[in-house]
Each structure stands twice: as C-alpha cells, then as structure tokens.
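First the structure, in the form of structure tokens, and then the observations on it.
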Number of protein chains: 2
Amino acid sequence: MNINLYVRILNPIFMTTLSEENYLKAIFHLERKSKDGVNTNALAEKMETKPSSVTDMLKKLAEKKLVDYKKYQGAKLSKKGRITAVEIIRKHRLWEVFLVEKLDFAWDEVHDIAEQLEHVRSRKLTAELDRFLNYPKRDPHGDPIPDADGNFDLNNRILLSELEEGDTGTFAGVKDSSSEFLKYLDKQNITLEKEIHILEKESFDHSIKIKIDGKTKHISGLAANNLYIKIS
Amino acid sequence: MNINLYVRILNPIFMTTLSEENYLKAIFHLERKSKDGVNTNALAEKMETKPSSVTDMLKKLAEKKLVDYKKYQGAKLSKKGRITAVEIIRKHRLWEVFLVEKLDFAWDEVHDIAEQLEHVRSRKLTAELDRFLNYPKRDPHGDPIPDADGNFDLNNRILLSELEEGDTGTFAGVKDSSSEFLKYLDKQNITLEKEIHILEKESFDHSIKIKIDGKTKHISGLAANNLYIKIS
DNA sequence: ACCCGAATTTAGGCGAAACTAAAAATTTGT
DNA sequence: ACAAATTTTTAGTTTCGCCTAAATTCGGGT
C-alpha cells in the first residue's frame with residue numbers, strides 16, 4: 001500500500017495513519033503496566049522498531065494531540081488518543097469474536113487477522129458487526145470488549161498465581177495470548193468459564209495443583225501467572 | 001502503520017503493497033475495455049493520480065513481474081499479476097456479500113468498506129468467509145465472484161440498451177455501481193432477478209419502455225446503458 | 001516527410017516512517 | 001557527588017509513492 005495515498009484519501013476528516021494507530025494501541029497496553037509515562041525503549045520493543053523511530057513518532061503524535069509527551073519523560077495518551085486507542089481495541093476484539101464464532105477459527109489463529117481488520121474505518125461497520133455478534137462482552141481470550149462509548153467491563157479478574165489454597169473460580173482469560181500458550185491450554189482442556197479449585201500451592205516453584213473437570217492438574221508457576229480467574 | 005514496517009512484516013513470503021494491489025485491480029478492470037495495453041493516462045485517471053506517478057508504479061510492477069510493460073506501449077497484467085488482481089476482486093466481492101447479507105448494509109453503501117477489507121491478507125479468512133456465505137456466485141451488484149482458483153462465472157449478460165423490442169430477461173447487474181445510480185434503481189424498485197420485457201425502443205433518445213412487475217416504466221438511454229440483463 | 005499536439009517519461013523533490021551512528025540527558029552505583 | 005552506564009534524542013539516510021516541470025516520443029494531418 002501506499003501510505004500517502006491512504007492518508008490522502010482517508011485523512012480529510014481527521015485521520016490517523018495505520019502506524020499511528022498501532023503506536024496508540026501499544027501505548028495503551030503499556031500504560032497499565034508503567035504507572036507514569038510509557039518509556040521509549042519499551043515502546044520500541046513492543047513495536048519491534050528502534051528507539052529513535054519511536055521518538056520521531058511520539059513527536060508526531062504529540063503534535064496531533066494524541067499523546068502528552070515531553071522529552072525524556074515518556075508518553076501518555078491524551079483523552080483524544082485514548083478514545084482512538086479504545087476504538088481500535090474494540091474493533092480488534094469484535095473481529096476476533098467474529099472469526100471464532102462465525103468463521104470457526106481457533107482462538108490461537110485470530111490475532112494476526114484481527115490486527116489487520118482493526119484498522120478498517122467505518123463506524124457503521126463496527127456498530128453492525130457488534131449487533132450481528134449480539135453485543136459480546138468478551139473476546140475469545142476473555143478480554144473485555146469496549147462498547148460504542150468506549151466503556152469496558154470492569155476487569156474483575158485475578159491471576160491464578162495470586163489465589164490462595166481453597167479458593168474457587170472460573171477460568172476467565174489469559175494474560176499472554178501467544179499461540180503456544182493457547183495451544184497448551186487446549187491440550188490441557190482448559191477452556192473459558194470452566195470451574196477451577198485451588199488445591200495446593202507449591203512455594204518452591206510457584207506451581208499450583210488445581211481441580212478442573214473433577215480431575216487434578218498441575219499448573220506451572222509460569223502458566224499460573226498467565227491465567228485469569230474470576231472468583232465466584 | 002508504517003508502510004515499511006508493513007512491508008517488512010508481510011513481505012518475506014511474496015508480497016504486494018496496498019498501492020500495488022490497487023493498481024493491479026485498476027489495470028484488470030481497464031484491460032477489458034482497451035484491447036491492448038492499458039494506457040498511462042487512463043490508469044492515472046482511474047487511480048486519481050498523475051501520469052508520472054503511474055509510470056513510476058508501472059516500472060515497479062514490471063520489475064516484480066506483475067505486469068508486462070514497455071515504454072510508451074501501455075501495460076498488461078502478467079499471469080502472476082492477473083492472479084493477484086483476481087484474488088483481490090474475489091475478496092472485495094465476498095466482503096460486499098457479507099456486508100449486505102449479514103450486516104444489512106444497502107447495496108450502495110458497501111463499496112468503500114469492501115475496498116478496505118479486500119486487502120486483508122489471509123487465505124484461510126477468504127476461504128472461511130466464502131464458506132460462511134455459502135459460496136456466492138454474484139456480489140450484490142450482480143458481478144461474478146471468482147472462486148478460489150480464480151475462475152469466474154461466464155459473463156452471460158448483455159446491456160439493456162443492446163436488447164431488441166420484444167426481448168425478455170431478468171435484471172442481472174449494473175455496469176456503473178455509483179451510489180446515485182443504485183439509489184435510483186431502488187426508487188424505481190428495480191432489484192436483481194426481476195423479470196423485464198422490452199416493449200419499445202425510442203431511437204431518438206435511446207430511451208426504452210419496459211414492463212416490470214406488471215407495470216410499464218421508461219428507462220433513459222443512459223440508465224439502459226448501465227443495466228445488465230440476463231436473457232431468459 | 002515533417003510538424004504539431006497529445007501522451008508519456010525523466011528529473012528532481014517532498015512527506016512518512018523506518019534506519020544507523022553519534023550526541024545529549026538522565027539515572028545509577030559507589 | 002560524580003563518573004559510568006543507560007536511556008533518549010538528534011542528525012543524516014533510505015524507500016515508497018506521490019508531485020511538478022521539463023524533456024521525449026508517438027501519431028495524425030497536410
């Protein structure tokens with residue numbers, strides 16, 4: 001694609017380029033980890049680019065009032081930037097639901113495709129897709145889908161690794177949704193909504209013994225740190 | 001997105017840029033009009049760009065073996081270029097069907113959105129979408145949808161303006177699918193598949209008197225030249 | 001055959017978003 | 001507190017696809 005053509009055609013109203021949208025999304029995701037400004041190196045790593053490129057882009061985004069940015073102090077989304085980011089995340093997650101529910105994709109196959117679809121511009125398309133899918137509240141990985149006004153479901157989930165022996169909950173999502181991890185869960189027959197009891201925590205390696213489907217399973221500390229549980 | 005990033009990520013296999021895809025599509029459509037090479041000016045007009053830009057792009061496409069191009073002699077799609085173009089057209093038309101059939105869009109609203117969706121890269125997505133839509137043969141404007149091997153339905157349609165008095169057929173598509181024309185047809189209640197009888201041709205202004213839904217209607221020469229009929 | 005006008009290509013530039021290398025600012029460790 | 005290490009920014013290039021202006025080439029008419 002020619003990015004210039006793209007910009008010329010789509011920009012007249014108010015527009016972000018594809019690259020800008022991806023940065024906004026990345027900043028959004030990084031913000032919840034790093035309390036104050038997202039730093040250049042972290043963003044560069046997430047975007048698989050060089051810090052110097054990030055600096056360039058942050059200047060551009062700051063000029064467009066999409067982020068608050070001061071030299072050497074990292075970036076934060078502005079209100080306008082946050083709205084844009086949430087819109088893209090909404091589209092991404094809706095498309096993931098579409099791919100899994102309607103086109104029979106597996107939950108580990110949808111990310112890259114949704115990453116392309118999320119940039120399609122049409123408010124009406126997003127709204128109609130939402131309706132067609134029956135206003136889903138969660139994507140296939142358990143992540144909340146913002147509504148048309150950008151409101152998320154409250155994230156009332158907790159990592160499996162943070163639960164105590166004797167606790168009970170249902171599997172409510174993954175933190176890291178890499179294909180490998182998702183396939184591992186498939187193999188373990190761990191699917192969304194299943195009830196999980198914490199039987200025992202091993203302090204030595206942080207592994208956890210759980211009961212699921214009436215069976216006992218051992219979950220490594222690493223895996224337990226990637227599994228969200230909703231406490232019942 | 002950054003176009004370079006985009007290309008770096010997607011290109012390793014074999015990849016065309018968005019701009020290249022749009023050129024290939026445009027050349028494909030122009031080829032059926034101009035028997036020999038598509039000329040630079042026509043392409044420039046279709047792409048809403050300048051002839052000099054077209055020359056640049058044709059060189060690039062020629063280098064990638066997507067078109068056969070010799071200076072001052074216009075361009076033709078190579079086999080590889082045609083395959084690529086047909087794939088994009090297939091995606092475009094499938095998405096149009098999706099938008100109309102599943103998301104309740106009107107037939108005059110889908111073009112711009114499909115124009116974006118057609119560039120999403122995933123063979124599996126296209127295949128699953130096709131299945132989900134039940135392997136449609138025509139898009140909402142009556143244009144044939146190539147199958148996965150790139151085969152089109154034979155175009156056994158003829159313009160209304162080319163029929164003779166007494167002929168009978170069914171409305172099978174539009175040549176110009178501008179929103180205005182489509183809305184005009186909506187107003188006239190002329191929808192795909194409807195039976196049409198040619199009652200009278202006015203040689204003075206090429207307007208045509210037809211019978212449709214048991215009623216008599218007058219179609220201007222201009223409109224008649226944009227309506228495809230399938231002879232029964 | 002030649003000239004004129006139209007079509008096309010060349011040459012030189014620009015903006016986006018990346019890159020490398022080098023400079024500057026900040027943070028850290030002692 | 002201050003030098004060293006790290007982070008971030010600046011400066012200068014590159015590629016893509018566009019642009020304008022200027023040069024070619026083609027093709028039709030006399």
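Identifiers in the structure tokens: chain A, B, ... in order shown; residue index from 1 per chain; ligand index from 1 in order shown.
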Could the residues of chain C that have an atom at most 10 Å from chain B be listed as a tab-separated table, each with its closest atom pair and the distance in Å to one decimal, counting only C-alpha atoms (C1' of nucleotides) and ordered by chain and ascending residue number?
```
residue	atom	partner	partner_atom	distance
C:DA7	C1'	B:Asn41	CA	7.6
C:DT8	C1'	B:Tyr72	CA	6.0
C:DT9	C1'	B:Thr55	CA	7.1
C:DT10	C1'	B:Ser52	CA	9.0
C:DA16	C1'	B:Asn2	CA	7.6
C:DA17	C1'	B:Asn2	CA	5.5
C:DA18	C1'	B:Asn4	CA	6.3
```
Would you output that residue set with C-alpha atoms (C1' of nucleotides), as a CSV table (one decimal), in the first residue's frame?
```csv
chain,number,residue,atom,x,y,z
C,7,DA,C1',0.7,11.2,-24.4
C,8,DT,C1',4.4,9.5,-21.8
C,9,DT,C1',8.6,9.5,-19.5
C,10,DT,C1',12.5,11.7,-16.9
C,16,DA,C1',6.1,9.3,6.1
C,17,DA,C1',8.2,6.2,8.8
C,18,DA,C1',11.8,3.5,9.2
```
Any chance you could tabulate, as a Markdown table, the residues of chain A at most 10 Å from chain B with each one's nearest atom pair and distance in Å to one decimal, using only C-alpha atoms, in chain and rising number order?
```
| residue | atom | partner | partner_atom | distance |
| --- | --- | --- | --- | --- |
| A:Met1 | CA | B:Leu18 | CA | 2.5 |
| A:Asn2 | CA | B:Ser19 | CA | 4.6 |
| A:Ile3 | CA | B:Ile3 | CA | 6.0 |
| A:Asn4 | CA | B:Ile3 | CA | 9.3 |
| A:Leu5 | CA | B:Ser19 | CA | 7.6 |
| A:Tyr6 | CA | B:Ser19 | CA | 8.6 |
| A:Thr16 | CA | B:Met1 | CA | 9.3 |
| A:Thr17 | CA | B:Met1 | CA | 6.0 |
| A:Leu18 | CA | B:Met1 | CA | 3.4 |
| A:Ser19 | CA | B:Met1 | CA | 2.6 |
| A:Glu20 | CA | B:Met1 | CA | 6.2 |
| A:Glu21 | CA | B:Met1 | CA | 6.9 |
| A:Asn22 | CA | B:Met1 | CA | 6.3 |
| A:Tyr23 | CA | B:Met1 | CA | 8.4 |
| A:Met47 | CA | B:Leu5 | CA | 9.4 |
| A:Glu48 | CA | B:Leu5 | CA | 8.9 |
| A:Thr49 | CA | B:Leu5 | CA | 8.4 |
| A:Leu99 | CA | B:Leu125 | CA | 8.2 |
| A:Lys102 | CA | B:Phe132 | CA | 7.3 |
| A:Leu103 | CA | B:Glu128 | CA | 5.7 |
| A:Asp104 | CA | B:Glu128 | CA | 7.8 |
| A:Phe105 | CA | B:Glu128 | CA | 8.6 |
| A:Val110 | CA | B:Leu125 | CA | 9.5 |
| A:Asp112 | CA | B:Ser122 | CA | 9.1 |
| A:Ile113 | CA | B:Ser122 | CA | 7.0 |
| A:Ala114 | CA | B:Val120 | CA | 9.4 |
| A:Glu115 | CA | B:Val120 | CA | 9.6 |
| A:Gln116 | CA | B:Val120 | CA | 6.1 |
| A:Leu117 | CA | B:Val120 | CA | 6.9 |
| A:His119 | CA | B:Gln116 | CA | 8.8 |
| A:Val120 | CA | B:Gln116 | CA | 6.1 |
| A:Arg121 | CA | B:Ile113 | CA | 7.5 |
| A:Ser122 | CA | B:Ile113 | CA | 7.0 |
| A:Lys124 | CA | B:Phe105 | CA | 9.1 |
| A:Leu125 | CA | B:Leu103 | CA | 7.9 |
| A:Thr126 | CA | B:Leu103 | CA | 10.0 |
| A:Ala127 | CA | B:Leu103 | CA | 9.4 |
| A:Glu128 | CA | B:Leu103 | CA | 5.7 |
| A:Leu129 | CA | B:Leu103 | CA | 6.6 |
| A:Asp130 | CA | B:Leu103 | CA | 9.5 |
| A:Arg131 | CA | B:Leu103 | CA | 8.3 |
| A:Phe132 | CA | B:Leu103 | CA | 6.5 |
| A:Leu133 | CA | B:Leu103 | CA | 9.9 |
```
Those same residues, written as a short mmCIF file (atom, residue, chain, number, x, y, z; two decimals), in the first residue's frame with N, CA and C atoms?
```cif
data_model
loop_
_atom_site.label_atom_id
_atom_site.label_comp_id
_atom_site.auth_asym_id
_atom_site.auth_seq_id
_atom_site.Cartn_x
_atom_site.Cartn_y
_atom_site.Cartn_z
N MET A 1 0.83 -1.18 0.00
CA MET A 1 0.00 0.00 0.00
C MET A 1 0.86 1.22 0.00
N ASN A 2 0.25 2.17 -0.53
CA ASN A 2 0.94 3.43 -0.47
C ASN A 2 0.34 4.18 0.69
N ILE A 3 1.19 4.49 1.61
CA ILE A 3 0.66 5.11 2.81
C ILE A 3 0.20 6.53 2.52
N ASN A 4 0.82 7.15 1.55
CA ASN A 4 0.43 8.52 1.23
C ASN A 4 -0.96 8.57 0.62
N LEU A 5 -1.18 7.67 -0.30
CA LEU A 5 -2.47 7.57 -0.93
C LEU A 5 -3.51 7.36 0.15
N TYR A 6 -3.23 6.40 1.00
CA TYR A 6 -4.10 6.06 2.11
C TYR A 6 -4.43 7.30 2.93
N THR A 16 -5.86 9.21 11.49
CA THR A 16 -4.60 8.69 11.97
C THR A 16 -4.10 7.71 10.93
N THR A 17 -2.79 7.63 10.76
CA THR A 17 -2.26 6.62 9.86
C THR A 17 -2.27 5.28 10.58
N LEU A 18 -2.05 4.25 9.79
CA LEU A 18 -2.00 2.91 10.35
C LEU A 18 -0.94 2.82 11.42
N SER A 19 0.21 3.40 11.12
CA SER A 19 1.32 3.36 12.05
C SER A 19 0.96 4.07 13.35
N GLU A 20 0.36 5.21 13.22
CA GLU A 20 -0.06 5.94 14.41
C GLU A 20 -1.02 5.12 15.26
N GLU A 21 -1.95 4.48 14.60
CA GLU A 21 -2.92 3.66 15.33
C GLU A 21 -2.23 2.54 16.11
N ASN A 22 -1.24 1.94 15.47
CA ASN A 22 -0.54 0.86 16.16
C ASN A 22 0.26 1.37 17.36
N TYR A 23 0.82 2.54 17.23
CA TYR A 23 1.51 3.14 18.37
C TYR A 23 0.53 3.43 19.50
N MET A 47 6.87 -2.33 19.56
CA MET A 47 6.59 -2.04 18.16
C MET A 47 7.60 -2.71 17.23
N GLU A 48 8.53 -3.40 17.80
CA GLU A 48 9.59 -4.03 17.00
C GLU A 48 10.25 -3.00 16.08
N THR A 49 10.65 -1.92 16.69
CA THR A 49 11.34 -0.87 15.94
C THR A 49 12.44 -0.30 16.83
N LEU A 99 -14.38 -14.01 13.97
CA LEU A 99 -13.57 -15.08 13.38
C LEU A 99 -13.79 -16.42 14.09
N LYS A 102 -18.14 -17.12 14.05
CA LYS A 102 -18.82 -17.27 12.75
C LYS A 102 -17.98 -18.02 11.74
N LEU A 103 -16.68 -17.81 11.77
CA LEU A 103 -15.84 -18.46 10.75
C LEU A 103 -15.07 -19.66 11.29
N ASP A 104 -15.38 -20.07 12.50
CA ASP A 104 -14.79 -21.30 13.06
C ASP A 104 -13.27 -21.29 13.17
N PHE A 105 -12.69 -20.13 13.41
CA PHE A 105 -11.26 -20.10 13.67
C PHE A 105 -11.00 -20.55 15.10
N VAL A 110 -6.51 -16.11 15.53
CA VAL A 110 -7.23 -14.91 15.12
C VAL A 110 -6.47 -13.59 15.28
N ASP A 112 -3.51 -12.22 14.36
CA ASP A 112 -2.89 -11.52 13.23
C ASP A 112 -3.92 -10.99 12.24
N ILE A 113 -4.98 -11.75 12.06
CA ILE A 113 -6.01 -11.29 11.13
C ILE A 113 -6.77 -10.10 11.72
N ALA A 114 -7.09 -10.20 13.00
CA ALA A 114 -7.79 -9.08 13.65
C ALA A 114 -6.93 -7.83 13.64
N GLU A 115 -5.64 -8.03 13.70
CA GLU A 115 -4.69 -6.92 13.66
C GLU A 115 -4.82 -6.14 12.34
N GLN A 116 -5.21 -6.82 11.30
CA GLN A 116 -5.44 -6.13 10.02
C GLN A 116 -6.83 -5.53 9.99
N LEU A 117 -7.80 -6.31 10.43
CA LEU A 117 -9.19 -5.85 10.34
C LEU A 117 -9.47 -4.65 11.24
N HIS A 119 -8.14 -2.00 11.57
CA HIS A 119 -7.88 -0.67 11.01
C HIS A 119 -8.91 -0.23 9.97
N VAL A 120 -9.85 -1.10 9.68
CA VAL A 120 -10.87 -0.73 8.71
C VAL A 120 -11.75 0.37 9.31
N ARG A 121 -11.91 1.42 8.53
CA ARG A 121 -12.61 2.60 9.03
C ARG A 121 -14.05 2.64 8.58
N SER A 122 -14.94 2.49 9.50
CA SER A 122 -16.36 2.67 9.22
C SER A 122 -17.11 2.47 10.53
N LYS A 124 -20.14 2.63 11.01
CA LYS A 124 -21.32 1.80 10.82
C LYS A 124 -20.95 0.32 10.79
N LEU A 125 -19.82 0.02 10.15
CA LEU A 125 -19.38 -1.38 10.11
C LEU A 125 -19.19 -1.92 11.51
N THR A 126 -18.50 -1.16 12.35
CA THR A 126 -18.25 -1.62 13.71
C THR A 126 -19.57 -1.84 14.45
N ALA A 127 -20.47 -0.88 14.30
CA ALA A 127 -21.75 -0.98 15.00
C ALA A 127 -22.55 -2.19 14.53
N GLU A 128 -22.56 -2.40 13.22
CA GLU A 128 -23.35 -3.52 12.68
C GLU A 128 -22.72 -4.85 13.04
N LEU A 129 -21.42 -4.88 13.05
CA LEU A 129 -20.73 -6.11 13.43
C LEU A 129 -21.07 -6.45 14.88
N ASP A 130 -21.03 -5.44 15.71
CA ASP A 130 -21.35 -5.61 17.13
C ASP A 130 -22.76 -6.21 17.28
N ARG A 131 -23.69 -5.64 16.54
CA ARG A 131 -25.07 -6.12 16.59
C ARG A 131 -25.15 -7.57 16.09
N PHE A 132 -24.49 -7.81 14.96
CA PHE A 132 -24.52 -9.15 14.37
C PHE A 132 -24.00 -10.20 15.35
N LEU A 133 -23.02 -9.81 16.13
CA LEU A 133 -22.41 -10.75 17.08
C LEU A 133 -23.15 -10.76 18.41
#
```
**OP:** Find the residues near His218 in chain B: any atom within 9 Å, counting only C-alpha atoms (C1' of nucleotides), skip ones fewer than 4 places away on the same chain, and give them as a list in words.
**Re:** Ser207, Ile208, Lys209, Ile210 and Lys211 of chain B
**OP:** Tell me the residues of chain D close to chain A, meaning within 10 Å using only C-alpha atoms (C1' of nucleotides), as a list in words.
**Re:** DT7, DT8, DT9, DT10, DC16, DG17 and DC18 of chain D
Original post:
Would you give me, as an NGL selection string, the residues in range 25-231 of chain B that DSSP reads as strand (DSSP E or B)?
Top reply: :B and (38 or 67-69 or 75-77 or 138 or 144 or 158-159 or 168-174 or 195-201 or 208-212 or 215-219 or 227-231)
Please build the interface table for chain C against range 3-6 of chain D with a cut-off of 10 Å, listing for each qualifying residue the nearest atom pair and the distance in Å to one decimal; count only C-alpha atoms (C1' of nucleotides), order rows by chain and increasing number, and write it as JSON lines.
```
{"residue": "C:DT26", "atom": "C1'", "partner": "D:DT6", "partner_atom": "C1'", "distance": 8.4}
{"residue": "C:DT27", "atom": "C1'", "partner": "D:DT6", "partner_atom": "C1'", "distance": 7.4}
{"residue": "C:DT28", "atom": "C1'", "partner": "D:DA5", "partner_atom": "C1'", "distance": 7.6}
{"residue": "C:DG29", "atom": "C1'", "partner": "D:DA4", "partner_atom": "C1'", "distance": 8.5}
{"residue": "C:DT30", "atom": "C1'", "partner": "D:DA3", "partner_atom": "C1'", "distance": 9.9}
```
Please save N, CA and C atoms (P, O5', C5', C4', C3', O3' and C1' of nucleotides) of the selected residues as a PDB file, in the first residue's frame.
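Written file, out_12.pdb:
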```pdb
ATOM      1  P    DT C  26      17.547  15.890  31.590  1.00  0.00           P
ATOM      2  O5'  DT C  26      17.575  14.398  32.170  1.00  0.00           O
ATOM      3  C5'  DT C  26      16.866  13.380  31.477  1.00  0.00           C
ATOM      4  C4'  DT C  26      17.207  12.028  32.082  1.00  0.00           C
ATOM      5  C3'  DT C  26      17.107  11.969  33.594  1.00  0.00           C
ATOM      6  O3'  DT C  26      16.300  10.858  33.894  1.00  0.00           O
ATOM      7  C1'  DT C  26      19.150  11.039  32.867  1.00  0.00           C
ATOM      8  P    DT C  27      15.738  10.614  35.393  1.00  0.00           P
ATOM      9  O5'  DT C  27      16.505   9.284  35.829  1.00  0.00           O
ATOM     10  C5'  DT C  27      16.694   8.241  34.866  1.00  0.00           C
ATOM     11  C4'  DT C  27      17.734   7.271  35.382  1.00  0.00           C
ATOM     12  C3'  DT C  27      17.659   6.996  36.881  1.00  0.00           C
ATOM     13  O3'  DT C  27      17.628   5.591  37.016  1.00  0.00           O
ATOM     14  C1'  DT C  27      19.879   7.549  36.253  1.00  0.00           C
ATOM     15  P    DT C  28      17.576   4.812  38.384  1.00  0.00           P
ATOM     16  O5'  DT C  28      19.104   4.361  38.535  1.00  0.00           O
ATOM     17  C5'  DT C  28      19.768   3.737  37.412  1.00  0.00           C
ATOM     18  C4'  DT C  28      21.158   3.299  37.832  1.00  0.00           C
ATOM     19  C3'  DT C  28      21.242   2.788  39.265  1.00  0.00           C
ATOM     20  O3'  DT C  28      22.120   1.671  39.260  1.00  0.00           O
ATOM     21  C1'  DT C  28      22.740   4.600  38.978  1.00  0.00           C
ATOM     22  P    DG C  29      22.269   0.706  40.472  1.00  0.00           P
ATOM     23  O5'  DG C  29      23.823   0.792  40.767  1.00  0.00           O
ATOM     24  C5'  DG C  29      24.764   0.932  39.674  1.00  0.00           C
ATOM     25  C4'  DG C  29      26.136   1.228  40.249  1.00  0.00           C
ATOM     26  C3'  DG C  29      26.367   0.643  41.645  1.00  0.00           C
ATOM     27  O3'  DG C  29      27.752   0.397  41.786  1.00  0.00           O
ATOM     28  C1'  DG C  29      26.409   2.975  41.802  1.00  0.00           C
ATOM     29  P    DT C  30      28.323  -0.641  42.843  1.00  0.00           P
ATOM     30  O5'  DT C  30      29.438   0.184  43.612  1.00  0.00           O
ATOM     31  C5'  DT C  30      30.426   0.880  42.829  1.00  0.00           C
ATOM     32  C4'  DT C  30      30.908   2.091  43.593  1.00  0.00           C
ATOM     33  C3'  DT C  30      31.243   1.806  45.061  1.00  0.00           C
ATOM     34  O3'  DT C  30      32.549   2.263  45.356  1.00  0.00           O
ATOM     35  C1'  DT C  30      29.889   3.727  44.866  1.00  0.00           C
TER      36       DT C  30
END
```
**OP:** Considering only C-alpha atoms (C1' of nucleotides), return as a PyMOL selection string whatever protein or nucleic-acid residues lie within 7 Å of range 156-169 of chain B, sequence-local ones (same chain, fewer than 2 positions apart) excluded.
**Re:** chain B and resi 154+171+195-201+221+224-232
**OP:** Run DSSP on the backbone of this structure and report the residues of range 54-201 of chain A it assigns to helix (DSSP H, G or I), as an MDAnalysis selection string.
**Re:** chainID A and resid 54:63 79:102 111:117 123:132 160:162 179:188
Write the residues you've just listed into a file as a tab-separated table (two decimals), in the first residue's frame, and include C-alpha atoms for each of them.
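Below is the file that was written, part-v2.tsv:
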```
chain	number	residue	atom	x	y	z
A	54	VAL	CA	9.75	5.91	18.48
A	55	THR	CA	10.98	9.37	19.34
A	56	ASP	CA	10.08	10.55	15.85
A	57	MET	CA	6.60	9.11	16.16
A	58	LEU	CA	6.00	10.47	19.63
A	59	LYS	CA	6.72	13.93	18.34
A	60	LYS	CA	4.21	13.42	15.59
A	61	LEU	CA	1.58	12.06	17.93
A	62	ALA	CA	2.20	14.91	20.36
A	63	GLU	CA	1.72	17.40	17.57
A	79	LYS	CA	-8.03	11.92	26.03
A	80	LYS	CA	-8.24	12.02	22.26
A	81	GLY	CA	-5.51	9.39	21.99
A	82	ARG	CA	-7.22	7.12	24.46
A	83	ILE	CA	-10.50	7.35	22.61
A	84	THR	CA	-8.77	6.40	19.39
A	85	ALA	CA	-6.90	3.51	21.01
A	86	VAL	CA	-10.02	2.11	22.62
A	87	GLU	CA	-11.87	2.28	19.34
A	88	ILE	CA	-9.19	0.19	17.70
A	89	ILE	CA	-9.16	-2.31	20.55
A	90	ARG	CA	-12.92	-2.55	20.29
A	91	LYS	CA	-12.69	-3.36	16.61
A	92	HIS	CA	-9.87	-5.83	17.15
A	93	ARG	CA	-11.83	-7.79	19.73
A	94	LEU	CA	-15.08	-7.73	17.83
A	95	TRP	CA	-13.35	-9.13	14.77
A	96	GLU	CA	-11.80	-11.84	16.92
A	97	VAL	CA	-15.24	-12.86	18.09
A	98	PHE	CA	-16.42	-12.89	14.51
A	99	LEU	CA	-13.57	-15.08	13.38
A	100	VAL	CA	-14.07	-17.61	16.16
A	101	GLU	CA	-17.85	-17.66	16.38
A	102	LYS	CA	-18.82	-17.27	12.75
A	111	HIS	CA	-4.79	-12.34	16.40
A	112	ASP	CA	-2.89	-11.52	13.23
A	113	ILE	CA	-6.01	-11.29	11.13
A	114	ALA	CA	-7.79	-9.08	13.65
A	115	GLU	CA	-4.69	-6.92	13.66
A	116	GLN	CA	-5.44	-6.13	10.02
A	117	LEU	CA	-9.19	-5.85	10.34
A	123	ARG	CA	-18.32	3.47	12.31
A	124	LYS	CA	-21.32	1.80	10.82
A	125	LEU	CA	-19.38	-1.38	10.11
A	126	THR	CA	-18.25	-1.62	13.71
A	127	ALA	CA	-21.75	-0.98	15.00
A	128	GLU	CA	-23.35	-3.52	12.68
A	129	LEU	CA	-20.73	-6.11	13.43
A	130	ASP	CA	-21.35	-5.61	17.13
A	131	ARG	CA	-25.07	-6.12	16.59
A	132	PHE	CA	-24.52	-9.15	14.37
A	160	LEU	CA	-4.35	-17.79	39.13
A	161	SER	CA	-0.96	-17.30	40.74
A	162	GLU	CA	-2.46	-14.79	43.16
A	179	SER	CA	-0.36	-19.21	20.18
A	180	GLU	CA	1.84	-21.62	22.15
A	181	PHE	CA	0.17	-20.86	25.42
A	182	LEU	CA	-3.30	-21.11	23.92
A	183	LYS	CA	-2.48	-24.45	22.37
A	184	TYR	CA	-1.13	-25.64	25.69
A	185	LEU	CA	-4.46	-24.75	27.28
A	186	ASP	CA	-6.32	-26.58	24.53
A	187	LYS	CA	-4.24	-29.64	25.24
A	188	GLN	CA	-4.99	-29.34	28.94
```
Subject >> Shell of 12 Å around DG5 in chain C, only C-alpha atoms (C1' of nucleotides), local chain residues under 3 positions omitted, as a count of residues only >> reply: 4
**OP:** Just the residues within 12 Å of DT30 in chain D, please, counting only C-alpha atoms (C1' of nucleotides), with nothing from its chain fewer than 2 positions along; format it as a list in words.
**Re:** DA1, DC2, DC3 and DC4 of chain C; DG28 of chain D
Original post:
Which residues come within 10 Å of Phe152 in chain B, counting only C-alpha atoms (C1' of nucleotides), excluding same-chain residues fewer than 5 positions away, as a PyMOL selection string?
Top reply: chain B and resi 86+90+137-138+143-147
